[in-house]
Every structure is written in structure tokens, then in C-alpha cells.
>>> print(open('data38.pdb').read())   # PDB, C-alpha atoms and all ligand atoms
ATOM      1  CA  MET F 593      16.473  17.431  11.687
ATOM      2  CA  ALA F 594      13.249  19.421  11.119
ATOM      3  CA  ALA F 595      10.827  19.697  14.095
ATOM      4  CA  ASN F 596       8.115  17.731  12.268
ATOM      5  CA  PRO F 597       9.795  15.599   9.640
ATOM      6  CA  PRO F 598       7.510  14.000   7.042
ATOM      7  CA  VAL F 599       6.404  10.463   7.861
ATOM      8  CA  ILE F 600       7.930   9.081   4.657
ATOM      9  CA  ARG F 601      10.560  10.814   2.598
ATOM     10  CA  PHE F 602      12.329   9.761  -0.590
ATOM     11  CA  ARG F 603      15.573  11.635  -1.175
ATOM     12  CA  ASP F 604      16.704  11.306  -4.754
ATOM     13  CA  VAL F 605      16.283   7.528  -4.676
ATOM     14  CA  GLU F 606      17.642   5.244  -7.349
ATOM     15  CA  GLN F 607      17.243   1.483  -7.512
ATOM     16  CA  ILE F 608      19.284  -0.721  -9.770
ATOM     17  CA  PHE F 609      18.903  -4.508  -9.679
ATOM     18  CA  THR F 610      21.121  -7.078 -11.335
ATOM     19  CA  GLY F 611      19.307  -9.334 -13.803
ATOM     20  CA  ASN F 612      19.946 -13.070 -14.219
ATOM     21  CA  ASP F 613      22.245 -12.260 -17.130
ATOM     22  CA  GLY F 614      24.299  -9.946 -14.891
ATOM     23  CA  ARG F 615      23.012  -6.812 -16.594
ATOM     24  CA  PRO F 616      21.773  -3.875 -14.529
ATOM     25  CA  ILE F 617      18.008  -3.300 -14.367
ATOM     26  CA  HIS F 618      17.356   0.355 -13.721
ATOM     27  CA  ALA F 619      14.086   0.152 -11.764
ATOM     28  CA  LEU F 620      13.752   3.609 -10.195
ATOM     29  CA  THR F 621      15.469   6.936 -10.663
ATOM     30  CA  GLY F 622      15.392  10.372  -9.019
ATOM     31  CA  LEU F 623      12.476   9.650  -6.682
ATOM     32  CA  ASP F 624      12.115  12.663  -4.433
ATOM     33  CA  PHE F 625       8.907  13.312  -2.502
ATOM     34  CA  GLU F 626       7.397  13.453   0.976
ATOM     35  CA  ILE F 627       4.297  11.992   2.600
ATOM     36  CA  SER F 628       2.771  13.643   5.661
ATOM     37  CA  ARG F 629       1.120  12.155   8.736
ATOM     38  CA  HIS F 630      -2.189  10.413   8.019
ATOM     39  CA  GLU F 631      -2.046  11.187   4.331
ATOM     40  CA  PHE F 632      -3.466   8.595   1.951
ATOM     41  CA  VAL F 633      -1.180   8.475  -1.069
ATOM     42  CA  SER F 634      -1.601   6.147  -4.042
ATOM     43  CA  VAL F 635       0.984   5.247  -6.637
ATOM     44  CA  LEU F 636      -0.138   4.639 -10.220
ATOM     45  CA  GLY F 637       2.120   3.684 -13.072
ATOM     46  CA  PRO F 638       2.662   1.287 -15.962
ATOM     47  CA  SER F 639       3.496  -2.338 -15.249
ATOM     48  CA  GLY F 640       7.145  -2.766 -14.268
ATOM     49  CA  CYS F 641       7.752   0.918 -13.488
ATOM     50  CA  GLY F 642       8.900   0.082  -9.960
ATOM     51  CA  LYS F 643       5.791   0.550  -7.789
ATOM     52  CA  SER F 644       6.358  -2.575  -5.678
ATOM     53  CA  THR F 645      10.049  -1.740  -5.472
ATOM     54  CA  LEU F 646       9.147   1.700  -4.086
ATOM     55  CA  LEU F 647       6.998   0.043  -1.428
ATOM     56  CA  ARG F 648       9.667  -2.514  -0.543
ATOM     57  CA  LEU F 649      12.131   0.341  -0.060
ATOM     58  CA  VAL F 650       9.794   1.927   2.530
ATOM     59  CA  SER F 651       9.300  -1.441   4.242
ATOM     60  CA  GLY F 652      13.060  -1.830   4.714
ATOM     61  CA  LEU F 653      13.075  -5.148   2.846
ATOM     62  CA  ILE F 654      15.497  -3.669   0.284
ATOM     63  CA  HIS F 655      17.868  -0.694   0.335
ATOM     64  CA  PRO F 656      18.283   1.939  -2.371
ATOM     65  CA  SER F 657      21.272   1.828  -4.689
ATOM     66  CA  ALA F 658      21.573   5.614  -4.249
ATOM     67  CA  GLY F 659      19.773   8.267  -2.221
ATOM     68  CA  ALA F 660      17.819   7.492   0.949
ATOM     69  CA  VAL F 661      14.365   6.575   2.189
ATOM     70  CA  GLU F 662      13.501   8.058   5.571
ATOM     71  CA  ILE F 663      10.721   7.462   8.074
ATOM     72  CA  TYR F 664      10.232  10.241  10.625
ATOM     73  CA  GLY F 665      13.546  11.717   9.453
ATOM     74  CA  MET F 666      15.532   8.528  10.046
ATOM     75  CA  GLU F 667      16.969   6.433   7.269
ATOM     76  CA  VAL F 668      15.210   3.082   6.817
ATOM     77  CA  THR F 669      17.750   0.317   7.336
ATOM     78  CA  GLU F 670      15.528  -2.626   8.355
ATOM     79  CA  PRO F 671      11.851  -3.619   8.691
ATOM     80  CA  ARG F 672      10.103  -1.775  11.526
ATOM     81  CA  ASP F 673       7.099  -2.446  13.767
ATOM     82  CA  GLU F 674       5.409   0.845  12.894
ATOM     83  CA  ILE F 675       4.801  -0.455   9.385
ATOM     84  CA  GLY F 676       1.970  -2.823   8.444
ATOM     85  CA  ILE F 677       1.910  -4.404   4.999
ATOM     86  CA  VAL F 678      -0.950  -5.824   2.953
ATOM     87  CA  PHE F 679      -0.065  -7.647  -0.246
ATOM     88  CA  GLN F 680      -2.069  -8.533  -3.348
ATOM     89  CA  LYS F 681      -2.646 -12.051  -2.018
ATOM     90  CA  PRO F 682      -3.678 -12.284   1.634
ATOM     91  CA  THR F 683      -0.980 -14.935   2.422
ATOM     92  CA  LEU F 684      -2.902 -16.399   5.368
ATOM     93  CA  LEU F 685      -1.988 -19.643   7.129
ATOM     94  CA  PRO F 686      -4.663 -22.277   6.337
ATOM     95  CA  TRP F 687      -3.907 -24.375   9.454
ATOM     96  CA  PHE F 688      -4.795 -21.443  11.761
ATOM     97  CA  ASN F 689      -8.322 -20.112  12.216
ATOM     98  CA  VAL F 690      -9.158 -16.470  11.408
ATOM     99  CA  GLN F 691      -8.361 -15.114  14.870
ATOM    100  CA  ASN F 692      -5.020 -16.944  15.048
ATOM    101  CA  ASN F 693      -4.101 -15.556  11.649
ATOM    102  CA  VAL F 694      -4.715 -12.042  12.944
ATOM    103  CA  THR F 695      -2.562 -12.628  16.032
ATOM    104  CA  PHE F 696       0.163 -14.329  13.992
ATOM    105  CA  PRO F 697       2.522 -11.289  14.051
ATOM    106  CA  MET F 698       2.717 -11.636  17.877
ATOM    107  CA  ARG F 699       3.397 -15.357  17.652
ATOM    108  CA  HIS F 700       6.034 -14.740  15.016
ATOM    109  CA  LYS F 701       7.727 -11.883  16.888
ATOM    110  CA  TYR F 702       7.444 -12.972  20.527
ATOM    111  CA  GLY F 703       6.718 -16.698  20.297
ATOM    112  CA  ARG F 704       3.416 -16.370  22.185
ATOM    113  CA  VAL F 705       0.064 -14.652  22.075
ATOM    114  CA  HIS F 706      -1.353 -12.909  25.154
ATOM    115  CA  LYS F 707      -4.971 -12.484  26.199
ATOM    116  CA  GLU F 708      -4.802  -8.789  25.205
ATOM    117  CA  ASP F 709      -3.636  -9.763  21.704
ATOM    118  CA  ASN F 710      -6.648 -12.022  21.306
ATOM    119  CA  GLU F 711      -8.919  -9.234  22.525
ATOM    120  CA  ARG F 712      -7.311  -6.850  20.090
ATOM    121  CA  ALA F 713      -7.719  -9.376  17.256
ATOM    122  CA  LEU F 714     -11.454  -9.601  18.012
ATOM    123  CA  GLU F 715     -11.713  -5.791  18.037
ATOM    124  CA  LEU F 716      -9.952  -5.622  14.665
ATOM    125  CA  LEU F 717     -12.138  -8.380  13.212
ATOM    126  CA  ASP F 718     -15.099  -6.307  14.309
ATOM    127  CA  LEU F 719     -13.542  -3.258  12.637
ATOM    128  CA  VAL F 720     -13.159  -5.095   9.320
ATOM    129  CA  GLY F 721     -16.696  -6.548   9.544
ATOM    130  CA  LEU F 722     -15.747 -10.124  10.476
ATOM    131  CA  ALA F 723     -16.818 -10.216  14.135
ATOM    132  CA  ASP F 724     -18.674 -13.511  13.651
ATOM    133  CA  PHE F 725     -15.886 -15.250  11.762
ATOM    134  CA  ALA F 726     -13.083 -15.396  14.354
ATOM    135  CA  GLN F 727     -13.231 -19.176  14.752
ATOM    136  CA  LYS F 728     -13.755 -20.003  11.068
ATOM    137  CA  ARG F 729     -11.218 -21.756   8.903
ATOM    138  CA  ILE F 730      -9.573 -19.620   6.212
ATOM    139  CA  ASP F 731     -10.997 -21.772   3.402
ATOM    140  CA  GLU F 732     -14.504 -20.990   4.667
ATOM    141  CA  LEU F 733     -14.011 -17.325   3.698
ATOM    142  CA  SER F 734     -14.431 -15.576   0.347
ATOM    143  CA  GLY F 735     -11.487 -13.751  -1.265
ATOM    144  CA  GLY F 736     -12.746 -10.375  -0.015
ATOM    145  CA  MET F 737     -13.142 -11.727   3.513
ATOM    146  CA  GLN F 738      -9.630 -13.175   3.422
ATOM    147  CA  GLN F 739      -8.270  -9.786   2.404
ATOM    148  CA  ARG F 740     -10.137  -8.229   5.362
ATOM    149  CA  VAL F 741      -8.342 -10.737   7.629
ATOM    150  CA  ALA F 742      -5.028  -9.646   6.095
ATOM    151  CA  ILE F 743      -5.920  -5.999   6.793
ATOM    152  CA  ALA F 744      -6.823  -6.827  10.413
ATOM    153  CA  ARG F 745      -3.519  -8.694  10.771
ATOM    154  CA  ALA F 746      -1.578  -5.719   9.372
ATOM    155  CA  LEU F 747      -3.251  -3.498  11.992
ATOM    156  CA  LEU F 748      -2.481  -5.794  14.961
ATOM    157  CA  LEU F 749       0.721  -4.032  16.008
ATOM    158  CA  ASP F 750      -1.085  -0.692  15.534
ATOM    159  CA  PRO F 751       1.318   0.530  12.847
ATOM    160  CA  ASP F 752       1.505   4.254  12.049
ATOM    161  CA  ILE F 753       2.124   3.414   8.423
ATOM    162  CA  LEU F 754       0.190   1.037   6.216
ATOM    163  CA  LEU F 755       1.756  -0.139   2.957
ATOM    164  CA  MET F 756      -0.682  -1.758   0.545
ATOM    165  CA  ASP F 757       0.504  -3.411  -2.669
ATOM    166  CA  GLU F 758      -2.497  -3.821  -5.000
ATOM    167  CA  PRO F 759      -4.512  -5.300  -2.123
ATOM    168  CA  PHE F 760      -7.787  -5.566  -4.046
ATOM    169  CA  SER F 761      -6.570  -6.493  -7.505
ATOM    170  CA  ALA F 762      -7.362 -10.201  -7.114
ATOM    171  CA  LEU F 763     -10.993  -9.464  -6.194
ATOM    172  CA  ASP F 764     -14.012  -9.209  -8.481
ATOM    173  CA  ALA F 765     -15.124  -5.683  -9.437
ATOM    174  CA  LEU F 766     -18.051  -5.469  -6.995
ATOM    175  CA  THR F 767     -16.084  -6.760  -4.017
ATOM    176  CA  ARG F 768     -13.277  -4.432  -4.994
ATOM    177  CA  ASP F 769     -15.531  -1.362  -4.825
ATOM    178  CA  GLU F 770     -16.965  -2.566  -1.533
ATOM    179  CA  MET F 771     -13.449  -3.057  -0.116
ATOM    180  CA  SER F 772     -12.434   0.469  -1.184
ATOM    181  CA  PHE F 773     -15.284   1.964   0.839
ATOM    182  CA  GLU F 774     -14.470  -0.381   3.722
ATOM    183  CA  LEU F 775     -10.864   0.772   3.664
ATOM    184  CA  LEU F 776     -11.989   4.409   3.729
ATOM    185  CA  ARG F 777     -14.137   3.670   6.758
ATOM    186  CA  ILE F 778     -11.302   1.836   8.548
ATOM    187  CA  TRP F 779      -8.850   4.618   7.702
ATOM    188  CA  SER F 780     -11.233   7.294   9.059
ATOM    189  CA  GLU F 781     -11.746   5.296  12.283
ATOM    190  CA  ARG F 782      -8.029   4.470  12.688
ATOM    191  CA  PRO F 783      -6.105   7.163  10.824
ATOM    192  CA  LYS F 784      -2.802   5.962   9.368
ATOM    193  CA  THR F 785      -0.344   7.168   6.827
ATOM    194  CA  VAL F 786      -1.129   4.962   3.829
ATOM    195  CA  LEU F 787       0.949   4.232   0.744
ATOM    196  CA  PHE F 788      -1.276   2.354  -1.689
ATOM    197  CA  ILE F 789      -0.128   0.776  -4.944
ATOM    198  CA  THR F 790      -2.761   0.231  -7.598
ATOM    199  CA  HIS F 791      -3.391  -0.092 -11.334
ATOM    200  CA  SER F 792      -6.879   1.331 -10.969
ATOM    201  CA  ILE F 793      -7.336   5.050 -11.639
ATOM    202  CA  PRO F 794     -10.862   5.224 -10.068
ATOM    203  CA  GLU F 795      -9.620   3.354  -6.984
ATOM    204  CA  ALA F 796      -6.727   5.814  -6.571
ATOM    205  CA  LEU F 797      -9.044   8.802  -7.051
ATOM    206  CA  LEU F 798     -11.650   7.495  -4.637
ATOM    207  CA  LEU F 799      -9.188   6.695  -1.856
ATOM    208  CA  SER F 800      -6.356   9.203  -2.000
ATOM    209  CA  ASP F 801      -5.380  12.650  -0.832
ATOM    210  CA  ARG F 802      -2.638  12.624  -3.459
ATOM    211  CA  ILE F 803      -1.688  10.383  -6.363
ATOM    212  CA  ILE F 804       1.871   9.827  -7.498
ATOM    213  CA  VAL F 805       1.818   9.116 -11.227
ATOM    214  CA  MET F 806       4.962   7.346 -12.369
ATOM    215  CA  SER F 807       6.655   7.076 -15.740
ATOM    216  CA  GLU F 808       7.707   3.860 -17.420
ATOM    217  CA  ARG F 809      10.868   2.139 -16.197
ATOM    218  CA  PRO F 810      13.168   3.510 -14.903
ATOM    219  CA  GLY F 811      10.279   4.747 -12.820
ATOM    220  CA  THR F 812      10.301   8.343 -11.762
ATOM    221  CA  VAL F 813       7.623  10.740 -10.551
ATOM    222  CA  ARG F 814       5.791  12.119 -13.543
ATOM    223  CA  GLU F 815       3.229  14.110 -11.654
ATOM    224  CA  ILE F 816       1.825  14.362  -8.141
ATOM    225  CA  ILE F 817      -1.899  15.073  -8.191
ATOM    226  CA  ASP F 818      -3.875  16.611  -5.336
ATOM    227  CA  VAL F 819      -7.249  14.884  -5.251
ATOM    228  CA  PRO F 820      -9.820  17.631  -4.588
ATOM    229  CA  PHE F 821     -12.920  15.642  -3.636
ATOM    230  CA  ALA F 822     -14.385  16.266  -0.182
ATOM    231  CA  ARG F 823     -14.427  13.491   2.387
ATOM    232  CA  PRO F 824     -16.201  11.322   3.223
ATOM    233  CA  ARG F 825     -16.171  10.019  -0.323
ATOM    234  CA  THR F 826     -19.275   8.161  -1.427
ATOM    235  CA  MET F 827     -20.829   6.612  -4.535
ATOM    236  CA  GLN F 828     -21.733  10.192  -5.564
ATOM    237  CA  THR F 829     -18.015  11.023  -5.704
ATOM    238  CA  LEU F 830     -17.699   8.475  -8.512
ATOM    239  CA  SER F 831     -20.335  10.249 -10.606
ATOM    240  CA  ASP F 832     -18.918  13.753 -10.108
ATOM    241  CA  PRO F 833     -17.945  15.082 -13.598
ATOM    242  CA  ALA F 834     -14.672  16.347 -12.072
ATOM    243  CA  PHE F 835     -13.905  12.722 -11.154
ATOM    244  CA  THR F 836     -14.170  11.618 -14.776
ATOM    245  CA  GLU F 837     -12.167  14.634 -15.920
ATOM    246  CA  LEU F 838      -9.310  13.894 -13.521
ATOM    247  CA  ALA F 839      -9.433  10.185 -14.410
ATOM    248  CA  ASN F 840      -9.082  11.117 -18.099
ATOM    249  CA  HIS F 841      -6.176  13.423 -17.327
ATOM    250  CA  ILE F 842      -4.351  10.614 -15.460
ATOM    251  CA  ARG F 843      -5.143   8.148 -18.250
ATOM    252  CA  GLY F 844      -3.555  10.592 -20.691
ATOM    253  CA  GLU F 845      -0.457  10.824 -18.497
ATOM    254  CA  LEU F 846      -0.128   7.056 -18.244
ATOM    255  CA  PHE F 847      -0.504   6.481 -21.974
ATOM    256  CA  SER F 848       1.820   9.232 -23.113
ATOM    257  CA  LYS F 849       5.512   8.634 -23.690
ATOM    258  CA  PRO F 850       7.947   8.692 -20.753
ATOM    259  CA  ALA F 851       9.147  12.134 -19.637
ATOM    260  CA  ALA F 852      12.789  11.299 -20.250
ATOM    261  CA  ALA F 853      14.386   8.971 -22.788
TER     262      ALA F 853
HETATM  263  N1  LIG U   1      14.837  -8.529  -6.991
HETATM  264  C1  LIG U   1      14.854  -8.120  -8.259
HETATM  265  N2  LIG U   1      15.881  -8.503  -9.062
HETATM  266  C2  LIG U   1      15.925  -8.089 -10.341
HETATM  267  N3  LIG U   1      15.001  -7.284 -10.923
HETATM  268  C3  LIG U   1      13.980  -6.887 -10.164
HETATM  269  C4  LIG U   1      13.843  -7.289  -8.807
HETATM  270  N4  LIG U   1      12.719  -6.718  -8.305
HETATM  271  C5  LIG U   1      12.166  -6.026  -9.310
HETATM  272  N5  LIG U   1      12.924  -6.122 -10.425
HETATM  273  C6  LIG U   1      12.662  -5.442 -11.701
HETATM  274  O1  LIG U   1      12.458  -4.064 -11.413
HETATM  275  C7  LIG U   1      11.429  -3.536 -12.239
HETATM  276  C8  LIG U   1      10.325  -2.954 -11.377
HETATM  277  O2  LIG U   1       9.631  -4.016 -10.735
HETATM  278  P1  LIG U   1       8.369  -3.779  -9.794
HETATM  279  O3  LIG U   1       7.858  -5.116  -9.399
HETATM  280  O4  LIG U   1       8.740  -2.835  -8.722
HETATM  281  O5  LIG U   1       7.371  -3.072 -10.797
HETATM  282  P2  LIG U   1       5.801  -2.760 -10.644
HETATM  283  O6  LIG U   1       5.588  -1.385 -11.139
HETATM  284  O7  LIG U   1       5.367  -3.070  -9.246
HETATM  285  O8  LIG U   1       5.183  -3.825 -11.647
HETATM  286  P3  LIG U   1       3.685  -4.394 -11.762
HETATM  287  O9  LIG U   1       2.786  -3.202 -11.933
HETATM  288  O10 LIG U   1       3.725  -5.242 -12.989
HETATM  289  O11 LIG U   1       3.398  -5.164 -10.511
HETATM  290  C9  LIG U   1      10.962  -4.681 -13.130
HETATM  291  O12 LIG U   1      11.638  -4.599 -14.368
HETATM  292  C10 LIG U   1      11.384  -5.928 -12.371
HETATM  293  O13 LIG U   1      11.637  -6.978 -13.251
END
>>> encode(input="data38.pdb", output="C-alpha cells", more="lines below")
Ligand SMILES: Nc1ncnc2c1ncn2[C@@H]1O[C@H](COP(=O)(O)OP(=O)(O)OP(=O)(O)O)[C@@H](O)[C@H]1O
Amino acid sequence: MAANPPVIRFRDVEQIFTGNDGRPIHALTGLDFEISRHEFVSVLGPSGCGKSTLLRLVSGLIHPSAGAVEIYGMEVTEPRDEIGIVFQKPTLLPWFNVQNNVTFPMRHKYGRVHKEDNERALELLDLVGLADFAQKRIDELSGGMQQRVAIARALLLDPDILLMDEPFSALDALTRDEMSFELLRIWSERPKTVLFITHSIPEALLLSDRIIVMSERPGTVREIIDVPFARPRTMQTLSDPAFTELANHIRGELFSKPAAA
């Protein structure tokens, strides 16, 4: 094993599902790339190209049909504590208040919540800008606030890796922009290796160190783009002509025909 293995590594990964009619569905093919410590990597690709499947492979919820997914040089065989996941919908429990939703992973894993967990939940709620909302009911929060709770919950076990599957896509455009900047702030305060799935080219460009652009199904890596903009990224980043140029390049990639037939 190398001295410093990449945090996440795909080794020639292929994923084939079986459809309801018994036919194979070739979701992913030949995925081979690495993600380093504290890198922010987004995945962009057409609908159905296997982005969520790629993320589920890293989470250990499914296993590749061929090849291997590794974390710190070890093959992923089951879900692990060093991974936090945020989904498109916040999936919070309405019968718990905000704080109890954040501590839920402890309750689920160990059957009880300690004083330190509650303290940590309050710290995380502060981090995501919800310090005054700990005792509120979930239905008292807006969609953006609920997604902040989901982010705080994903950070409770202090994961090294954060997997985010279109976490802002259900939000309105303004809240979405605001959440992107919030995520950048959280990530700079608590660095993590982030794998972020999105359909939004500007969101990927604003957030990422690198962008994996995928082809249509069976999804494979079409191009990996180094995002050159200096950090911290701000509203000015969005109006940089190089931003528009790169966005147009990616748009061209996504709308052109797949690399292989
Ligand atoms: N458990 C499963 N059983 C059968 N087919 C599946 C399963 N999971 C995913 N698929 C298929 O694999 C392909 C990739 O699905 P996936 O959800 O990963 O795509 P995606 O890029 O995330 O899509 P979208 O952008 O629309 O969310 C799709 O054709 C989907 O129908």
C-alpha cells in the first residue's frame, strides 16, 4: 500500500444492475480516479448517468459489479463512520426537535445520547447558522434551514468524508446560492473530503477544486476539470469571465454525444 493512499479511489469500477424485466442495466463503466484529502470534488453528468450510484458505491451501500472502490487504500465493503451523507431531501424526523435530529446518529448507533453529543449538536447548529433553533420543531423551519439541520447531522460523528447528493436541488435559486456559500464557509472551518453530486454547472464551479464530468449511461469519466479560481470564492468569482468560459466549456461537454458508443 502507498504511504499516503488517496482518500477515495475508484479502480476500474463497473456497475451493472438488473432491471425489473431481468435485463442488465449498465450504469457505470471504467471509472478510474482518485480524490485527495480535503479536496472538494463535484460530479456533473446527464440524468441517469450513474452519479448517485457512484456516491452509493463510496458509501458502502452497494458494491461494484467489477473493480473496486477504496477509502484510505482499503476496499469499501460496508458503510463506515468516517462518512457523512447529505441527500437531496433532508429526511428529518418530524417528531424530534432540531437538536434531537442532529444527535439522531448517536441514538441510532448506540441507543442513547450523551451530554457531549448534545453539546456537539449545539456547536454544529451554531456552525450552520441555526444556534437559536435547537428546540424548534422541524415543520417550523424553511427548506434551506432543514437542509442545514441535515448538514449538521451529517457532521455529528465528525466524518472525514462528506458525500452530498444534490443537497440543494430542492431549494429555490436564492436559497441555493446562499447555501453554496454557507457550505464553503463550513468546509473552510471544518475541512473534509467532499464528493458533491449536482446538475448545476455554476454550483460545481463555485464549490469545487475539481469537477468530474460524466458521459451518458453507461456513465464513465469524460473529463476531469481543475477549477482554477482562487479561494475564498465570492460573488465576484461568479462574474469572472473565466467562470463563464469554463461553464460554457462544460455545457458543451454535457451536450455533446457520448465518448463511446
Ligand atoms: N437499484 C437499482 N436497480 C436497477 N437499476 C438501477 C438501480 N439504481 C440505479 N439504477 C439505474 O442505474 C442508472 C443510473 O442511476 P443513478 O440514479 O445513479 O443516475 P443519476 O445520474 O444519479 O440520475 P439523476 O441525475 O437523474 O439523479 C439509471 O438508469 C437507473 O435507473
>>> resolve_selection(input="data38.pdb", expression="the PyMOL selection byres (((chain F and resi 839-842) around 8) and not hetatm)", output="ChimeraX atom specification")
/F:793-794,797,805,835-838,843-846
>>> residues_around(input="data38.pdb", residues="region 768-784 of chain F", least_positions_apart="4", cutoff="6 Å", atoms="only C-alpha atoms", output="PyMOL selection string")
chain F and resi 630+752-753+760+763-764
>>> closest_atom_pairs(input="data38.pdb", of="chain F", to="ligand LIG 1 (chain U)", cutoff="12 Å", atoms="only C-alpha atoms and all ligand atoms", output="JSON lines")
{"residue": "F:Glu606", "atom": "CA", "partner": "U:LIG1", "partner_atom": "O1", "distance": 11.4}
{"residue": "F:Gln607", "atom": "CA", "partner": "U:LIG1", "partner_atom": "O1", "distance": 8.3}
{"residue": "F:Ile608", "atom": "CA", "partner": "U:LIG1", "partner_atom": "O1", "distance": 7.8}
{"residue": "F:Phe609", "atom": "CA", "partner": "U:LIG1", "partner_atom": "C2", "distance": 4.7}
{"residue": "F:Thr610", "atom": "CA", "partner": "U:LIG1", "partner_atom": "C2", "distance": 5.4}
{"residue": "F:Gly611", "atom": "CA", "partner": "U:LIG1", "partner_atom": "C2", "distance": 5.0}
{"residue": "F:Asn612", "atom": "CA", "partner": "U:LIG1", "partner_atom": "C2", "distance": 7.5}
{"residue": "F:Asp613", "atom": "CA", "partner": "U:LIG1", "partner_atom": "C2", "distance": 10.2}
{"residue": "F:Gly614", "atom": "CA", "partner": "U:LIG1", "partner_atom": "C2", "distance": 9.7}
{"residue": "F:Arg615", "atom": "CA", "partner": "U:LIG1", "partner_atom": "C2", "distance": 9.5}
{"residue": "F:Pro616", "atom": "CA", "partner": "U:LIG1", "partner_atom": "C2", "distance": 8.3}
{"residue": "F:Ile617", "atom": "CA", "partner": "U:LIG1", "partner_atom": "N3", "distance": 6.1}
{"residue": "F:His618", "atom": "CA", "partner": "U:LIG1", "partner_atom": "O1", "distance": 7.0}
{"residue": "F:Ala619", "atom": "CA", "partner": "U:LIG1", "partner_atom": "O1", "distance": 4.5}
{"residue": "F:Leu620", "atom": "CA", "partner": "U:LIG1", "partner_atom": "C8", "distance": 7.5}
{"residue": "F:Thr621", "atom": "CA", "partner": "U:LIG1", "partner_atom": "C8", "distance": 11.2}
{"residue": "F:Val635", "atom": "CA", "partner": "U:LIG1", "partner_atom": "O6", "distance": 9.2}
{"residue": "F:Leu636", "atom": "CA", "partner": "U:LIG1", "partner_atom": "O6", "distance": 8.4}
{"residue": "F:Gly637", "atom": "CA", "partner": "U:LIG1", "partner_atom": "O6", "distance": 6.4}
{"residue": "F:Pro638", "atom": "CA", "partner": "U:LIG1", "partner_atom": "O9", "distance": 6.0}
{"residue": "F:Ser639", "atom": "CA", "partner": "U:LIG1", "partner_atom": "O9", "distance": 3.5}
{"residue": "F:Gly640", "atom": "CA", "partner": "U:LIG1", "partner_atom": "O8", "distance": 3.4}
{"residue": "F:Cys641", "atom": "CA", "partner": "U:LIG1", "partner_atom": "O6", "distance": 3.9}
{"residue": "F:Gly642", "atom": "CA", "partner": "U:LIG1", "partner_atom": "O4", "distance": 3.2}
{"residue": "F:Lys643", "atom": "CA", "partner": "U:LIG1", "partner_atom": "O6", "distance": 3.9}
{"residue": "F:Ser644", "atom": "CA", "partner": "U:LIG1", "partner_atom": "O7", "distance": 3.7}
{"residue": "F:Thr645", "atom": "CA", "partner": "U:LIG1", "partner_atom": "O4", "distance": 3.7}
{"residue": "F:Leu646", "atom": "CA", "partner": "U:LIG1", "partner_atom": "O4", "distance": 6.5}
{"residue": "F:Leu647", "atom": "CA", "partner": "U:LIG1", "partner_atom": "O4", "distance": 8.0}
{"residue": "F:Arg648", "atom": "CA", "partner": "U:LIG1", "partner_atom": "O4", "distance": 8.2}
{"residue": "F:Leu649", "atom": "CA", "partner": "U:LIG1", "partner_atom": "O4", "distance": 9.8}
{"residue": "F:Leu653", "atom": "CA", "partner": "U:LIG1", "partner_atom": "N1", "distance": 10.5}
{"residue": "F:Ile654", "atom": "CA", "partner": "U:LIG1", "partner_atom": "N1", "distance": 8.8}
{"residue": "F:His655", "atom": "CA", "partner": "U:LIG1", "partner_atom": "N1", "distance": 11.1}
{"residue": "F:Pro656", "atom": "CA", "partner": "U:LIG1", "partner_atom": "N4", "distance": 11.9}
{"residue": "F:Phe679", "atom": "CA", "partner": "U:LIG1", "partner_atom": "O11", "distance": 11.1}
{"residue": "F:Gln680", "atom": "CA", "partner": "U:LIG1", "partner_atom": "O11", "distance": 9.6}
{"residue": "F:Met756", "atom": "CA", "partner": "U:LIG1", "partner_atom": "O7", "distance": 11.6}
{"residue": "F:Asp757", "atom": "CA", "partner": "U:LIG1", "partner_atom": "O7", "distance": 8.2}
{"residue": "F:Glu758", "atom": "CA", "partner": "U:LIG1", "partner_atom": "O11", "distance": 8.2}
{"residue": "F:Pro759", "atom": "CA", "partner": "U:LIG1", "partner_atom": "O11", "distance": 11.5}
{"residue": "F:Ser761", "atom": "CA", "partner": "U:LIG1", "partner_atom": "O11", "distance": 10.5}
{"residue": "F:Phe788", "atom": "CA", "partner": "U:LIG1", "partner_atom": "O7", "distance": 11.4}
{"residue": "F:Ile789", "atom": "CA", "partner": "U:LIG1", "partner_atom": "O7", "distance": 8.0}
{"residue": "F:Thr790", "atom": "CA", "partner": "U:LIG1", "partner_atom": "O9", "distance": 7.8}
{"residue": "F:His791", "atom": "CA", "partner": "U:LIG1", "partner_atom": "O9", "distance": 6.9}
{"residue": "F:Ser792", "atom": "CA", "partner": "U:LIG1", "partner_atom": "O9", "distance": 10.7}
{"residue": "F:Val805", "atom": "CA", "partner": "U:LIG1", "partner_atom": "O6", "distance": 11.2}
{"residue": "F:Met806", "atom": "CA", "partner": "U:LIG1", "partner_atom": "O6", "distance": 8.8}
{"residue": "F:Ser807", "atom": "CA", "partner": "U:LIG1", "partner_atom": "O6", "distance": 9.7}
{"residue": "F:Glu808", "atom": "CA", "partner": "U:LIG1", "partner_atom": "O6", "distance": 8.5}
{"residue": "F:Arg809", "atom": "CA", "partner": "U:LIG1", "partner_atom": "C7", "distance": 6.9}
{"residue": "F:Pro810", "atom": "CA", "partner": "U:LIG1", "partner_atom": "C7", "distance": 7.7}
{"residue": "F:Gly811", "atom": "CA", "partner": "U:LIG1", "partner_atom": "C8", "distance": 7.8}
{"residue": "F:Thr812", "atom": "CA", "partner": "U:LIG1", "partner_atom": "O6", "distance": 10.8}
>>> residues_near_point(input="data38.pdb", point="(-2.3, -15.7, 14.6)", cutoff="12 Å", atoms="only C-alpha atoms", output="MDAnalysis selection string")
chainID F and resid 684:706 709:710 712:714 726:727 730 741:742 744:746 748
>>> axis_aligned_box(input="data38.pdb", around="region 697-704 of chain F", padding_each_side="8 Å", output="lines of an AutoDock Vina configuration file")
center_x = 5.1
center_y = -14.0
center_z = 18.1
size_x = 21.2
size_y = 21.4
size_z = 24.1
>>> atom_distance(input="data38.pdb", atom1="CA of Leu754 (chain F)", atom2="CA of Leu716 (chain F)")
14.8 Å
>>> closest_residue(input="data38.pdb", among="F:Ser651, F:Ser734, F:Glu631, F:Thr829", to="Thr669 (chain F)", atoms="only C-alpha atoms")
F:Ser651
>>> atom_distance(input="data38.pdb", atom1="CA of Val813 (chain F)", atom2="CA of Glu662 (chain F)")
17.4 Å
>>> decode(input="data38.pdb", residues="region 702-708 of chain F", atoms="N, CA and C atoms", output="CSV table (one decimal), in the first residue's frame")
chain,number,residue,atom,x,y,z
F,702,TYR,N,-25.9,4.0,19.0
F,702,TYR,CA,-25.6,3.5,20.4
F,702,TYR,C,-26.8,3.4,21.3
F,703,GLY,N,-28.0,3.8,20.8
F,703,GLY,CA,-29.2,3.7,21.6
F,703,GLY,C,-29.4,4.8,22.7
F,704,ARG,N,-28.4,5.7,22.8
F,704,ARG,CA,-28.5,6.8,23.7
F,704,ARG,C,-27.7,8.0,23.3
F,705,VAL,N,-28.0,9.1,23.9
F,705,VAL,CA,-27.3,10.4,23.5
F,705,VAL,C,-26.7,10.9,24.8
F,706,HIS,N,-25.4,11.2,24.8
F,706,HIS,CA,-24.7,11.7,25.9
F,706,HIS,C,-24.7,13.2,25.9
F,707,LYS,N,-24.3,13.8,27.1
F,707,LYS,CA,-24.3,15.2,27.3
F,707,LYS,C,-23.4,15.8,26.2
F,708,GLU,N,-22.2,15.2,26.0
F,708,GLU,CA,-21.2,15.7,25.0
F,708,GLU,C,-21.8,15.8,23.6
